[in-house]
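Student: Input: one structure, supplied below.
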Amino acid sequence: MVVTIIGGGHIGGACALGFASAGSAQVTVTARSAATLERFRGTQVRTSTDNAAAVRGADFVFLAVKTAQVPEALASIRDAIDFRRQVLVCLAAQVGPAELEAAPRLLYAIPNTAVEIGRGVTFLSDISAGPEALEALKGLFDSVGTTVCVPYERLGAGISLASCGAGYALKYIASAAKVGEQMGFTPEESARIVAQTVLGTSDLLMRGSCDPEADLRKVATPGGMTERGVAAMEEAGFDAAVEAGLKANNW
Ligand SMILES: NC(=O)c1ccc[n+]([C@@H]2O[C@H](COP(=O)([O-])OP(=O)(O)OC[C@H]3O[C@@H](n4cnc5c(N)ncnc54)[C@H](OP(=O)(O)O)[C@@H]3O)[C@@H](O)[C@H]2O)c1
């Protein structure tokens, strides 16, 4: 599969490096400045500052620029892209299908940055590309993590859970690590202890039936320290805080 990614920033770059590591696509990434593309030196990822030239020969053309940059980026490839053979994949979910009417074969893909290490979560939504293209794109993102296909209206929920969700997970790790510092660990020790705890707990959870309440019952023995701590977190508004964060941006 041949993929061109217009915009080699945080998420475009993560996709490019993830696909290249997985060997699932031949990838070209573009950016406005050559300095942005330095990150890909020494990798399998090809680079270019010429969007129109870069889309030639691609099966999928990813638009991975900021929302406000979409019109300019789209204008730069409009005449080069051949929609009989090529599909546009928009990563800027807030640019609605109506604003991309000029793209008759369109899909949305909302990955999170862990695609770079093959452990991402990506939401896909087909607008007008068709089942074959959706299946092919799903295969590509499956090579760098888990993929969930949803209607466009549910992309916002996906963004909350998995894209912003990466930030929310970091917020928990940062908060817990600060408390660890108060308890005598260095900042780095504390952050590593909490991160490893989250990683190991998630790995165990995913190996079973992925029922967090059941795993919580196993570690929070009645009358024990964990049960007391979880009750104190609930009392302090933990569940309400998580819900407020997840629903803060729903669209
Ligand atoms: N970050 C995430 O976790 C995430 C997840 C899912 C979706 N998204 C969406 O993905 C989009 C990009 O987000 P980001 O965080 O990756 O932004 P970013 O780090 O700012 O990256 C945007 C990149 O686009 C390049 N660019 C801008 N205009 C261009 C043009 N005309 N031609 C070629 N390259 C151009 C910029 O290149 P220069 O550096 O050379 O200016 C920059 O490298 C956003 O719409 C965001 O909502 C982000």
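Labels used: A, B, ... for chains in the order of the structure tokens, numbers from 1 for residues in each chain, and numbers from 1 for ligands as shown.
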Could you pull out the strand (DSSP E or B) residues of stretch 1-243 of chain A, going by DSSP on the backbone, and write them as a PyMOL selection string?
Tutor: chain A and resi 2-6+26-30+46-48+60-63+87-90+106-110+120-126+145-149
Student: Per residue of chain A within 6 Å of ligand 1, what are the shortest atom pair and its distance in Å to one decimal, counting only C-alpha atoms and all ligand atoms, with rows by chain and residue number, as a tab-separated table?
Tutor:
```
residue	atom	partner	partner_atom_place_in_ligand_line	distance
A:Ile6	CA	ligand 1	33 (C)	5.0
A:Gly7	CA	ligand 1	24 (O)	3.4
A:Gly8	CA	ligand 1	43 (O)	4.4
A:Gly9	CA	ligand 1	21 (O)	3.2
A:His10	CA	ligand 1	16 (O)	3.7
A:Ile11	CA	ligand 1	16 (O)	3.9
A:Gly12	CA	ligand 1	16 (O)	5.4
A:Thr30	CA	ligand 1	33 (C)	5.2
A:Ala31	CA	ligand 1	34 (N)	3.4
A:Arg32	CA	ligand 1	40 (O)	3.6
A:Ser33	CA	ligand 1	40 (O)	3.7
A:Thr36	CA	ligand 1	39 (O)	4.9
A:Ala64	CA	ligand 1	11 (C)	4.5
A:Val65	CA	ligand 1	24 (O)	3.9
A:Lys66	CA	ligand 1	45 (O)	3.7
A:Thr67	CA	ligand 1	45 (O)	4.6
A:Gln69	CA	ligand 1	28 (N)	5.2
A:Glu72	CA	ligand 1	31 (N)	5.4
A:Ala73	CA	ligand 1	31 (N)	3.8
A:Leu91	CA	ligand 1	10 (O)	4.8
A:Ala92	CA	ligand 1	45 (O)	3.5
A:Ile110	CA	ligand 1	6 (C)	4.5
A:Pro111	CA	ligand 1	6 (C)	4.9
A:Asn112	CA	ligand 1	3 (O)	4.8
A:Thr113	CA	ligand 1	3 (O)	5.2
A:Ser163	CA	ligand 1	3 (O)	5.5
```
Student: Can you pull out the residues contacting A:Gly145? Cut-off 6 Å, using only C-alpha atoms, and skip same-chain residues under 6 positions away; I want them as a PyMOL selection string.
Tutor: chain A and resi 118-121
Student: Would you mind exporting the chosen residues as a PDB file, in the first residue's frame, restricted to C-alpha atoms?
Tutor:
```pdb
ATOM      1  CA  GLY A 118       2.053   0.057  17.202  1.00  0.00           C
ATOM      2  CA  ARG A 119      -0.270   0.532  20.184  1.00  0.00           C
ATOM      3  CA  GLY A 120      -2.694   3.190  18.974  1.00  0.00           C
ATOM      4  CA  VAL A 121      -6.463   3.429  18.863  1.00  0.00           C
TER       5      VAL A 121
END
```
Student: Nearest to A:Val70: which of A:Gly96, A:Val2, A:Thr49, A:Ala58 is it, counting only C-alpha atoms?
Tutor: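 Looking at the shortest contact to A:Val70, the residue is A:Gly96.
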Student: Please list as a ChimeraX atom specification every residue within 12 Å of A:Val61, counting only C-alpha atoms and excluding residues in the same chain fewer than 4 positions away.
Tutor: /A:1-7,12,16,27-30,51-57,73-74,77-78,80-83,85-91,103,105-109,137
Student: So which one's closest to A:Ala166, A:Asp126, A:Val115, A:Met206, A:Thr43? Using only C-alpha atoms, please.
Tutor: A:Val115
Student: Could you find all residues in stretch 4-198 of chain A that DSSP calls alpha helix (DSSP H) from the backbone, and write them as an MDAnalysis selection string?
Tutor: chainID A and resid 10:22 34:37 51:55 70:77 131:142 155:158 164:182 187:198
Student: Just how far from atom CA of A:Ala195 is atom CA of A:Thr221, in Å to one decimal?
Tutor: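 These atoms are spaced 22.9 Å apart.
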